[in-house]
Amino acid sequence: MKWIARILLVAVVALLAAGGALSVHLLRGMPQLDGEISLKGLSGPVQITRDASDVTHINASNALDAWRAIGFVHAQERGWQMAFNRRVMRGELSEILGKATLDTDKLMRTLGIIGMAQQQLKGLSPATQAALQAYSEGIQTAWQSGAVRPSPEFKLLGTQASGADGQAWTPEDSVGWALMMALDLGGNWGQEFARLSAGQVLSNEQLWQLLPAYPGEKPATAVDLPGLYARLGVYAAAAAKAAQMPAAASPLAQWSADWVRDMGILEGKGSNNWVVPGSRTVSGKPLLANDPHLALSSPAIWYYAHLQAPAGELPGGHKHPALDVIGATLPGLPFVVLGRTQGVAWGFTNTGPDVQDLYLEQLDAAKPGQYRTPEGWAAFAERSETIRVKGQADVALKVRSTRHGPVISDVQPQYLGLIDASRYAVSLRWSALTPDNKTIEAGMQANWAQTVPQLQDAFAEHHAPMQSVVMADTLGHVAYKAVGKVPTRSASNDIRGVAPSPGWLAQYDWTGWLPYAQNPAVDAAQIEKKGWHATANQNILPPGYAHFVGGDWTTPERFDRIEQLLAATPRHSLQSMQAIQNDVLSLGAKTLQAKLGQVSSQHPLAPAALKLLAGFDGQMRTDSAAALVLNVWADELTRGLLVPHLGAERFQALYGKRHFRAAVEGMLDRADAFWCGPAGCPTQVSSALDRALDRIAASQGRDVAAWRWGAWHPAISSHKPFGKVPYLNALFDVRVESAGDLFTVNVGQYWANDKQAPFANRHAASMRAVYDLSETGQSVFIYQTGQSGHAFDPRSRDMARQWAQGGYRALQQQPTAVLHHMTLRP
């Protein structure tokens with residue numbers, strides 16, 4: 001027994017020693033927040049303080065040093081996030097993750113993000129180029145000097161911040177990252193693919209029932225799309241379906257496959273913003289609110305910072321006023337993207353115009369390598385790419401492009417077995433992939449603005465993605481403007497870009513760009529008359545607007561609820577704005593609840609569940625059993641109505657990022673015999689309830705009153721890539737119960753085709769901010785993780801619970817308390 005005790009004691013001591021060594025090793029990667037650090041390239045000392053809200057304040061003697069310093073801070077706080085994102089956009093993930101991410105790398109190489117970024121960088125002003133160069137130098141020297149130490153991800157994967165080129169970040173990477181944001185928010189090519197895919201098994205009428213037009217509008221095109229594609233022989237023979245891609249071999253491979261499949265889907269990617277003029281506020285000065293909805297990640301996409309520097313002159317003779325801007329930065333860019341200066345505040349939502357068109361490129365069977373154009377046959381432009389793959393030989397990729405853009409059917413596996421690849425390829429035209437894209441330029445100019453007119457002038461250079469911007473300044477001015485480039489199409493373009501078009505017909509080509517002055521806008525007088533202006537990704541076009549901008553808007557439930565709440569309060573305050581942002585009444589749930597009608601169910605739990613639903617107020621609270629039942633019921637009903645007509649595989653590919661709620665509501669309204677089948681819609685509704693009750697009871701027990709929406713609806717901020725790795729995800733993800741659903745102002749979008757957590761909140765308010773433009777006004781913010789990107793740092797998740805519970809932190813340009821102070825010296 002003594003020997004056993006000694007052995008156990010030795011084992012415990014060894015375990016504690018190993019744990020201690022591991023802890024010390026992990027702590028070495030923590031960002032340094034105090035003291036002095038030398039940073040090559042600075043022209044003078046830079047003060048970096050962190051206040052009680054953990055906002056980072058940078059005070060420099062000139063603007064270039066301020067941008068070098070924010071580069072340093074991004075490197076120390078978000079080093080892994082930036083290294084991972086750099087590999088994503090460059091198509092270099094497989095070099096560290098192996099063949100699981102090959103699909104992602106192939107798509108990114110085909111889109112050519114970095115090649116286009118290099119072209120766009122050359123077109124920026126000398127001042128903007130200098131800003132990006134200073135920022136990149138701050139990142140690079142931070143790593144080279146050893147001031148930034150690798151976080152655990154680098155150790156676990158055996159990699160480093162610098163890529164094969166020896167660089168941790170370059171100016172072209174910043175331009176590329178702006179393109180990646182445009183890719184995430186500027187897409188509808190996935191919706192075009194959905195119409196192409198569903199058109200193989202549906203009539204044109206059924207297609208528009210599945211993907212209906214915006215409420216009150218007609219379909220954007222009268223063309224019989226399934227008929228057109230059948231006549232052209234676009235679809236592969238049924239036997240070719242056997243060639244469909246196999247199931248992913250690992251969770252990481254599944255993530256890569258899903259990411260590639262869902263690229264270009266705009267549905268669910270949205271935000272809220274609104275501005276209230278001083279005539280409708282307690283203070284007499286404007287209030288502005290903004291909560292961008294993005295995929296939740298750990299660390300968060302945002303980093304809050306305050307940049308200060310005196311007036312000066314930049315290369316190219318660019319004289320600028322004092323820099324004093326605070327708000328949300330994107331690691332990868334040196335500027336504040338969303339926030340305020342001393343004089344003016346602004347907030348974005350996604351406008352959602354159609355800036356991506358797919359083209360069917362007809363192939364020449366007699367001459368491989370050629371495609372048809374209005375002038376005859378032409379050769380594909382081709383280039384070769386080499387993808388390094390960890391643990392195996394390099395992969396050679398041949399990238400084809402047409403006069404419209406890259407051929408994506410070569411690298412998006414969902415085309416395999418759908419189109420006849422011997423006759424057609426599919427290419428993409430996207431507004432962001434043009435050398436004259438100067439979105440970065442607009443971002444810098446906005447940081448100097450002090451008034452609404454100056455801000456509107458700054459955003460004239462904004463190209464992609466198109467954003468709906470509300471603005472307010474301390475002088476009392478308010479405005480709304482959609483900023484960004486929208487393509488124009490000819491009157492003969494009868495498909496109007498909502499589905500793949502014949503690429504050899506000139507009528508489907510873009511004809512130019514809509515002038516900035518003609519973008520949708522609302523002036524101060526109009527806002528004063530109504531009392532506010534709000535956007536929530538709904539159709540923002542005014543009545544009688546002369547231009548076709550797009551047809552795939554987000555349904556207006558969030559917008560309608562915001563309007564109700566803004567109208568309900570005569571004079572708004574900082575608190576009333578926060579209450580609106582955190583509202584969880586789902587108009588979508590109330591609408592569906594009213595359409596479910598009489599249910600005939602013999603399920604033993606049905607009486608209790610139906611009683612709950614009968615009194616349901618539509619509030620998607622975490623403790624609500626009715627909210628859980630309604631969402632799971634809606635999912636089961638959607639599957640029951642759609643799978644028999646689309647097939648399980650096609651449904652799985654199209655569902656999740658789309659919810660098909662408007663389609664389901666229409667089917668119930670019409671008592672649609674096609675979709676509901678011979679048994680009828682009441683039977684579908686009742687059977688779906690039975691399946692939902694069985695499904696919930698298997699997890700949460702048979703006491704219906706004890707069921708909780710929050711238990712199945714945690715907000716999961718997923719780490720890349722360890723969020724997809726069992727056991728590691730428990731350490732690197734940030735998880736907290738959350739309220740809301742697909743249609744609440746405080747949105748909580750779930751991806752119902754996810755096999756592991758179909759109702760988890762994956763896409764929500766990536767941050768919330770409210771700006772008070774009065775003299776003594778306070779601005780506030782919150783987001784869902786924390787400033788640090790180090791998973792073992794308490795600062796990496798210290799906002800999560802406060803965010804989920806509707807709390808905020810102060811956003812102060814003159815902070816009342818300083819918790820950390822660092823000096824960067826040349």
# chains A, B, ... in the order shown; residues from 1 in each chain; ligands from 1

call {"tool": "closest_atom_pairs", "arguments": {"of": "segment 540-630 of chain A", "to": "segment 765-776 of chain A", "cutoff": "8 Å", "atoms": "only C-alpha atoms", "output": "JSON lines"}}
result
{"residue": "A:Leu574", "atom": "CA", "partner": "A:Asp772", "partner_atom": "CA", "distance": 6.9}
{"residue": "A:Met577", "atom": "CA", "partner": "A:Val770", "partner_atom": "CA", "distance": 7.1}
{"residue": "A:Gln578", "atom": "CA", "partner": "A:Val770", "partner_atom": "CA", "distance": 7.2}
{"residue": "A:Gln581", "atom": "CA", "partner": "A:Arg768", "partner_atom": "CA", "distance": 7.5}

call {"tool": "residues_around", "arguments": {"residues": "segment 733-742 of chain A", "least_positions_apart": "5", "cutoff": "8 Å", "atoms": "only C-alpha atoms", "output": "VMD selection string"}}
result
chain A and resid 268 297 to 298 584 to 586 588 619 to 622 709 to 711 713 to 719 722 to 723 747 to 750 761 785 797 800 to 801 804 to 805

call {"tool": "write_last_selection", "arguments": {"atoms": "C-alpha atoms", "output": "PDB file, in the first residue's frame"}}
result
ATOM      1  CA  GLY A 268     -30.049  35.890 -43.051  1.00  0.00           C
ATOM      2  CA  SER A 297     -16.878  33.752 -34.170  1.00  0.00           C
ATOM      3  CA  SER A 298     -14.303  33.460 -31.410  1.00  0.00           C
ATOM      4  CA  VAL A 584     -37.224  39.559 -28.774  1.00  0.00           C
ATOM      5  CA  LEU A 585     -40.836  39.703 -29.947  1.00  0.00           C
ATOM      6  CA  SER A 586     -40.910  37.615 -33.146  1.00  0.00           C
ATOM      7  CA  GLY A 588     -42.442  35.836 -37.777  1.00  0.00           C
ATOM      8  CA  GLN A 619     -41.445  36.603 -26.982  1.00  0.00           C
ATOM      9  CA  MET A 620     -38.430  34.419 -27.817  1.00  0.00           C
ATOM     10  CA  ARG A 621     -37.026  34.343 -24.284  1.00  0.00           C
ATOM     11  CA  THR A 622     -34.485  31.776 -23.158  1.00  0.00           C
ATOM     12  CA  TRP A 709     -35.630  27.630 -25.751  1.00  0.00           C
ATOM     13  CA  GLY A 710     -32.261  28.764 -24.424  1.00  0.00           C
ATOM     14  CA  ALA A 711     -31.126  25.164 -23.868  1.00  0.00           C
ATOM     15  CA  HIS A 713     -30.450  28.078 -28.670  1.00  0.00           C
ATOM     16  CA  PRO A 714     -27.010  28.882 -27.255  1.00  0.00           C
ATOM     17  CA  ALA A 715     -25.072  31.565 -29.050  1.00  0.00           C
ATOM     18  CA  ILE A 716     -21.938  29.758 -30.187  1.00  0.00           C
ATOM     19  CA  SER A 717     -19.038  31.973 -31.173  1.00  0.00           C
ATOM     20  CA  SER A 718     -17.031  29.361 -33.002  1.00  0.00           C
ATOM     21  CA  HIS A 719     -13.256  29.328 -33.207  1.00  0.00           C
ATOM     22  CA  PHE A 722     -10.839  24.429 -33.462  1.00  0.00           C
ATOM     23  CA  GLY A 723     -14.579  25.023 -33.246  1.00  0.00           C
ATOM     24  CA  VAL A 747     -31.816  38.306 -33.958  1.00  0.00           C
ATOM     25  CA  GLY A 748     -30.767  34.727 -33.290  1.00  0.00           C
ATOM     26  CA  GLN A 749     -30.422  32.947 -36.607  1.00  0.00           C
ATOM     27  CA  TYR A 750     -29.927  29.205 -36.472  1.00  0.00           C
ATOM     28  CA  ASN A 761     -27.591  30.810 -32.528  1.00  0.00           C
ATOM     29  CA  THR A 785     -16.692  37.678 -26.862  1.00  0.00           C
ATOM     30  CA  ARG A 797     -14.915  36.129 -23.288  1.00  0.00           C
ATOM     31  CA  ALA A 800     -20.347  37.215 -23.501  1.00  0.00           C
ATOM     32  CA  ARG A 801     -22.829  37.025 -20.631  1.00  0.00           C
ATOM     33  CA  ALA A 804     -26.545  37.844 -24.001  1.00  0.00           C
ATOM     34  CA  GLN A 805     -28.354  39.616 -21.175  1.00  0.00           C
TER      35      GLN A 805
END

call {"tool": "select_by_dssp", "arguments": {"residues": "segment 42-250 of chain A", "states": "strand (DSSP E)", "output": "MDAnalysis selection string"}}
result
chainID A and resid 46:51 56:59

call {"tool": "residues_around", "arguments": {"residues": "Lys590 of chain A", "least_positions_apart": "6", "cutoff": "10 Å", "atoms": "only C-alpha atoms", "output": "PyMOL selection string"}}
result
chain A and resi 616-619+630

call {"tool": "write_last_selection", "arguments": {"atoms": "N, CA and C atoms", "output": "PDB file, in the first residue's frame"}}
result
ATOM      1  N   PHE A 616     -49.139  31.956 -26.207  1.00  0.00           N
ATOM      2  CA  PHE A 616     -47.788  32.437 -26.501  1.00  0.00           C
ATOM      3  C   PHE A 616     -47.823  33.874 -26.983  1.00  0.00           C
ATOM      4  N   ASP A 617     -46.983  34.718 -26.365  1.00  0.00           N
ATOM      5  CA  ASP A 617     -46.950  36.138 -26.705  1.00  0.00           C
ATOM      6  C   ASP A 617     -45.933  36.480 -27.779  1.00  0.00           C
ATOM      7  N   GLY A 618     -45.256  35.475 -28.313  1.00  0.00           N
ATOM      8  CA  GLY A 618     -44.281  35.727 -29.372  1.00  0.00           C
ATOM      9  C   GLY A 618     -42.921  36.139 -28.874  1.00  0.00           C
ATOM     10  N   GLN A 619     -42.725  36.201 -27.552  1.00  0.00           N
ATOM     11  CA  GLN A 619     -41.445  36.603 -26.982  1.00  0.00           C
ATOM     12  C   GLN A 619     -40.496  35.403 -26.968  1.00  0.00           C
ATOM     13  N   LEU A 630     -42.404  26.095 -31.059  1.00  0.00           N
ATOM     14  CA  LEU A 630     -42.749  26.720 -32.336  1.00  0.00           C
ATOM     15  C   LEU A 630     -41.604  26.625 -33.340  1.00  0.00           C
TER      16      LEU A 630
END

call {"tool": "closest_residue", "arguments": {"among": "A:Tyr727, A:Phe759, A:Trp302, A:Trp553", "to": "Val632 of chain A", "atoms": "only C-alpha atoms"}}
result
A:Phe759

call {"tool": "select_by_dssp", "arguments": {"residues": "segment 649-714 of chain A", "states": "alpha helix (DSSP H)", "output": "ChimeraX atom specification"}}
result
/A:649-654,661-670,673-676,681-700,709-712

call {"tool": "residues_around", "arguments": {"residues": "Arg429 of chain A", "least_positions_apart": "5", "cutoff": "6 Å", "atoms": "only C-alpha atoms", "output": "PDB file with C-alpha atoms, in the first residue's frame"}}
result
ATOM      1  CA  GLN A 356     -23.332  39.239 -58.519  1.00  0.00           C
ATOM      2  CA  ASP A 357     -24.518  37.529 -61.701  1.00  0.00           C
ATOM      3  CA  HIS A 404     -17.506  37.815 -67.111  1.00  0.00           C
ATOM      4  CA  GLY A 405     -15.140  36.480 -64.472  1.00  0.00           C
TER       5      GLY A 405
END

call {"tool": "residues_around", "arguments": {"residues": "Gln467 of chain A", "least_positions_apart": "3", "cutoff": "9 Å", "atoms": "only C-alpha atoms", "output": "ChimeraX atom specification"}}
result
/A:348-352,462,464,481-484

call {"tool": "write_last_selection", "arguments": {"atoms": "N, CA and C atoms", "output": "short mmCIF file (atom, residue, chain, number, x, y, z; two decimals), in the first residue's frame"}}
result
data_model
loop_
_atom_site.label_atom_id
_atom_site.label_comp_id
_atom_site.auth_asym_id
_atom_site.auth_seq_id
_atom_site.Cartn_x
_atom_site.Cartn_y
_atom_site.Cartn_z
N PHE A 348 -23.91 50.96 -40.22
CA PHE A 348 -24.17 50.24 -41.47
C PHE A 348 -25.23 49.15 -41.27
N THR A 349 -26.00 48.92 -42.30
CA THR A 349 -26.66 47.63 -42.51
C THR A 349 -26.42 47.23 -43.97
N ASN A 350 -26.59 45.95 -44.24
CA ASN A 350 -26.38 45.48 -45.60
C ASN A 350 -27.57 45.88 -46.47
N THR A 351 -27.30 46.57 -47.57
CA THR A 351 -28.38 46.98 -48.46
C THR A 351 -28.93 45.78 -49.22
N GLY A 352 -28.05 44.91 -49.69
CA GLY A 352 -28.48 43.69 -50.37
C GLY A 352 -28.87 43.84 -51.83
N HIS A 462 -16.87 54.60 -51.67
CA HIS A 462 -17.18 53.23 -51.22
C HIS A 462 -17.74 52.44 -52.39
N ALA A 464 -17.80 48.40 -52.46
CA ALA A 464 -18.44 47.13 -52.13
C ALA A 464 -18.03 46.70 -50.72
N LYS A 481 -28.16 57.17 -46.50
CA LYS A 481 -27.64 57.03 -47.85
C LYS A 481 -27.18 55.60 -48.07
N ALA A 482 -27.57 55.01 -49.19
CA ALA A 482 -27.01 53.73 -49.61
C ALA A 482 -25.72 54.01 -50.35
N VAL A 483 -24.61 53.45 -49.86
CA VAL A 483 -23.30 53.73 -50.44
C VAL A 483 -22.73 52.47 -51.06
N GLY A 484 -22.16 52.60 -52.25
CA GLY A 484 -21.59 51.46 -52.95
C GLY A 484 -22.03 51.45 -54.40
#

call {"tool": "closest_atom_pairs", "arguments": {"of": "segment 248-320 of chain A", "to": "segment 89-101 of chain A", "cutoff": "10 Å", "atoms": "only C-alpha atoms", "output": "JSON lines"}}
result
{"residue": "A:Ala248", "atom": "CA", "partner": "A:Ala100", "partner_atom": "CA", "distance": 8.3}
{"residue": "A:Ala249", "atom": "CA", "partner": "A:Ala100", "partner_atom": "CA", "distance": 7.9}
{"residue": "A:Ser250", "atom": "CA", "partner": "A:Ala100", "partner_atom": "CA", "distance": 7.4}
{"residue": "A:Pro251", "atom": "CA", "partner": "A:Ala100", "partner_atom": "CA", "distance": 8.8}
{"residue": "A:Leu252", "atom": "CA", "partner": "A:Ala100", "partner_atom": "CA", "distance": 6.2}
{"residue": "A:Ala253", "atom": "CA", "partner": "A:Ala100", "partner_atom": "CA", "distance": 4.3}
{"residue": "A:Gln254", "atom": "CA", "partner": "A:Ala100", "partner_atom": "CA", "distance": 8.0}
{"residue": "A:Trp255", "atom": "CA", "partner": "A:Thr101", "partner_atom": "CA", "distance": 8.3}
{"residue": "A:Ser256", "atom": "CA", "partner": "A:Thr101", "partner_atom": "CA", "distance": 5.4}
{"residue": "A:Ala257", "atom": "CA", "partner": "A:Thr101", "partner_atom": "CA", "distance": 7.9}
{"residue": "A:Trp259", "atom": "CA", "partner": "A:Thr101", "partner_atom": "CA", "distance": 9.9}
{"residue": "A:Val260", "atom": "CA", "partner": "A:Thr101", "partner_atom": "CA", "distance": 9.8}

call {"tool": "write_last_selection", "arguments": {"atoms": "N, CA, C and O atoms", "output": "compact mmCIF listing (two decimals), in the first residue's frame"}}
result
# COMPACT_ATOMS: atom_id res chain seq x y z
N ALA A 248 -18.32 14.42 -46.26
CA ALA A 248 -17.03 14.88 -45.75
C ALA A 248 -16.47 13.88 -44.74
O ALA A 248 -17.20 13.28 -43.96
N ALA A 249 -15.15 13.72 -44.76
CA ALA A 249 -14.51 12.69 -43.93
C ALA A 249 -14.28 13.15 -42.50
O ALA A 249 -14.03 12.33 -41.63
N SER A 250 -14.35 14.43 -42.20
CA SER A 250 -14.08 14.94 -40.87
C SER A 250 -14.89 16.20 -40.63
O SER A 250 -15.37 16.82 -41.58
N PRO A 251 -15.08 16.60 -39.35
CA PRO A 251 -15.80 17.85 -39.09
C PRO A 251 -15.17 19.06 -39.77
O PRO A 251 -15.87 19.95 -40.24
N LEU A 252 -13.83 19.08 -39.83
CA LEU A 252 -13.16 20.20 -40.48
C LEU A 252 -13.43 20.20 -41.98
O LEU A 252 -13.68 21.24 -42.59
N ALA A 253 -13.41 19.01 -42.58
CA ALA A 253 -13.73 18.90 -44.00
C ALA A 253 -15.18 19.30 -44.25
O ALA A 253 -15.50 19.91 -45.28
N GLN A 254 -16.06 18.95 -43.31
CA GLN A 254 -17.47 19.34 -43.45
C GLN A 254 -17.63 20.85 -43.38
O GLN A 254 -18.40 21.44 -44.14
N TRP A 255 -16.88 21.49 -42.47
CA TRP A 255 -16.92 22.95 -42.41
C TRP A 255 -16.48 23.56 -43.73
O TRP A 255 -17.13 24.47 -44.26
N SER A 256 -15.39 23.05 -44.28
CA SER A 256 -14.88 23.58 -45.55
C SER A 256 -15.90 23.39 -46.66
O SER A 256 -16.17 24.30 -47.45
N ALA A 257 -16.49 22.19 -46.72
CA ALA A 257 -17.46 21.90 -47.77
C ALA A 257 -18.69 22.79 -47.63
O ALA A 257 -19.21 23.32 -48.63
N TRP A 259 -18.83 25.74 -46.17
CA TRP A 259 -18.44 27.13 -46.44
C TRP A 259 -18.42 27.39 -47.95
O TRP A 259 -18.92 28.42 -48.42
N VAL A 260 -17.88 26.45 -48.70
CA VAL A 260 -17.82 26.59 -50.16
C VAL A 260 -19.23 26.52 -50.75
O VAL A 260 -19.59 27.30 -51.62

call {"tool": "residues_around", "arguments": {"residues": "Ile326 of chain A", "least_positions_apart": "4", "cutoff": "9 Å", "atoms": "only C-alpha atoms", "output": "list in words"}}
result
His57, Tyr304, Ala305, His306, Leu307, Gln308, Val336, Leu338, Gly339, Arg340, Thr341, Gln342, Asn447, Leu811, Gln812 and Gln813 of chain A

call {"tool": "write_last_selection", "arguments": {"atoms": "N, CA, C and O atoms", "output": "PDB file, in the first residue's frame"}}
result
ATOM      1  N   HIS A  57      -7.089  52.741 -26.381  1.00  0.00           N
ATOM      2  CA  HIS A  57      -6.906  54.124 -26.824  1.00  0.00           C
ATOM      3  C   HIS A  57      -5.461  54.316 -27.269  1.00  0.00           C
ATOM      4  O   HIS A  57      -4.526  54.007 -26.531  1.00  0.00           O
ATOM      5  N   TYR A 304     -12.455  46.922 -30.580  1.00  0.00           N
ATOM      6  CA  TYR A 304     -12.781  48.321 -30.308  1.00  0.00           C
ATOM      7  C   TYR A 304     -11.540  49.122 -29.955  1.00  0.00           C
ATOM      8  O   TYR A 304     -10.749  48.722 -29.099  1.00  0.00           O
ATOM      9  N   ALA A 305     -11.411  50.253 -30.645  1.00  0.00           N
ATOM     10  CA  ALA A 305     -10.217  51.081 -30.459  1.00  0.00           C
ATOM     11  C   ALA A 305     -10.548  52.550 -30.693  1.00  0.00           C
ATOM     12  O   ALA A 305     -11.556  52.901 -31.322  1.00  0.00           O
ATOM     13  N   HIS A 306      -9.676  53.399 -30.189  1.00  0.00           N
ATOM     14  CA  HIS A 306      -9.778  54.856 -30.306  1.00  0.00           C
ATOM     15  C   HIS A 306      -8.440  55.361 -30.826  1.00  0.00           C
ATOM     16  O   HIS A 306      -7.396  55.112 -30.214  1.00  0.00           O
ATOM     17  N   LEU A 307      -8.448  56.021 -31.984  1.00  0.00           N
ATOM     18  CA  LEU A 307      -7.227  56.517 -32.618  1.00  0.00           C
ATOM     19  C   LEU A 307      -7.188  58.031 -32.535  1.00  0.00           C
ATOM     20  O   LEU A 307      -8.133  58.718 -32.939  1.00  0.00           O
ATOM     21  N   GLN A 308      -6.054  58.553 -32.034  1.00  0.00           N
ATOM     22  CA  GLN A 308      -5.873  59.993 -31.915  1.00  0.00           C
ATOM     23  C   GLN A 308      -4.511  60.400 -32.461  1.00  0.00           C
ATOM     24  O   GLN A 308      -3.496  59.750 -32.182  1.00  0.00           O
ATOM     25  N   VAL A 336     -11.245  52.789 -38.254  1.00  0.00           N
ATOM     26  CA  VAL A 336     -12.501  52.465 -37.577  1.00  0.00           C
ATOM     27  C   VAL A 336     -13.572  52.300 -38.644  1.00  0.00           C
ATOM     28  O   VAL A 336     -13.813  53.204 -39.447  1.00  0.00           O
ATOM     29  N   LEU A 338     -16.935  51.188 -38.037  1.00  0.00           N
ATOM     30  CA  LEU A 338     -18.233  51.642 -37.525  1.00  0.00           C
ATOM     31  C   LEU A 338     -17.991  52.388 -36.220  1.00  0.00           C
ATOM     32  O   LEU A 338     -17.350  51.847 -35.305  1.00  0.00           O
ATOM     33  N   GLY A 339     -18.478  53.620 -36.120  1.00  0.00           N
ATOM     34  CA  GLY A 339     -18.231  54.342 -34.888  1.00  0.00           C
ATOM     35  C   GLY A 339     -18.543  55.811 -35.008  1.00  0.00           C
ATOM     36  O   GLY A 339     -19.506  56.208 -35.683  1.00  0.00           O
ATOM     37  N   ARG A 340     -17.710  56.615 -34.383  1.00  0.00           N
ATOM     38  CA  ARG A 340     -17.945  58.058 -34.392  1.00  0.00           C
ATOM     39  C   ARG A 340     -16.632  58.819 -34.239  1.00  0.00           C
ATOM     40  O   ARG A 340     -15.637  58.295 -33.707  1.00  0.00           O
ATOM     41  N   THR A 341     -16.641  60.057 -34.705  1.00  0.00           N
ATOM     42  CA  THR A 341     -15.591  61.020 -34.411  1.00  0.00           C
ATOM     43  C   THR A 341     -16.150  61.969 -33.345  1.00  0.00           C
ATOM     44  O   THR A 341     -17.222  61.734 -32.794  1.00  0.00           O
ATOM     45  N   GLN A 342     -15.437  63.057 -33.079  1.00  0.00           N
ATOM     46  CA  GLN A 342     -15.993  64.033 -32.134  1.00  0.00           C
ATOM     47  C   GLN A 342     -17.296  64.628 -32.666  1.00  0.00           C
ATOM     48  O   GLN A 342     -18.169  65.004 -31.884  1.00  0.00           O
ATOM     49  N   ASN A 447     -12.966  58.481 -41.402  1.00  0.00           N
ATOM     50  CA  ASN A 447     -12.382  58.688 -40.076  1.00  0.00           C
ATOM     51  C   ASN A 447     -12.006  60.141 -39.807  1.00  0.00           C
ATOM     52  O   ASN A 447     -11.756  60.510 -38.649  1.00  0.00           O
ATOM     53  N   LEU A 811     -18.593  53.693 -24.079  1.00  0.00           N
ATOM     54  CA  LEU A 811     -17.656  53.980 -25.171  1.00  0.00           C
ATOM     55  C   LEU A 811     -17.286  55.449 -25.053  1.00  0.00           C
ATOM     56  O   LEU A 811     -18.037  56.328 -25.470  1.00  0.00           O
ATOM     57  N   GLN A 812     -16.114  55.715 -24.463  1.00  0.00           N
ATOM     58  CA  GLN A 812     -15.739  57.073 -24.086  1.00  0.00           C
ATOM     59  C   GLN A 812     -14.505  57.534 -24.841  1.00  0.00           C
ATOM     60  O   GLN A 812     -13.468  56.866 -24.809  1.00  0.00           O
ATOM     61  N   GLN A 813     -14.616  58.693 -25.470  1.00  0.00           N
ATOM     62  CA  GLN A 813     -13.443  59.283 -26.097  1.00  0.00           C
ATOM     63  C   GLN A 813     -12.521  59.926 -25.061  1.00  0.00           C
ATOM     64  O   GLN A 813     -11.330  60.097 -25.313  1.00  0.00           O
TER      65      GLN A 813
END
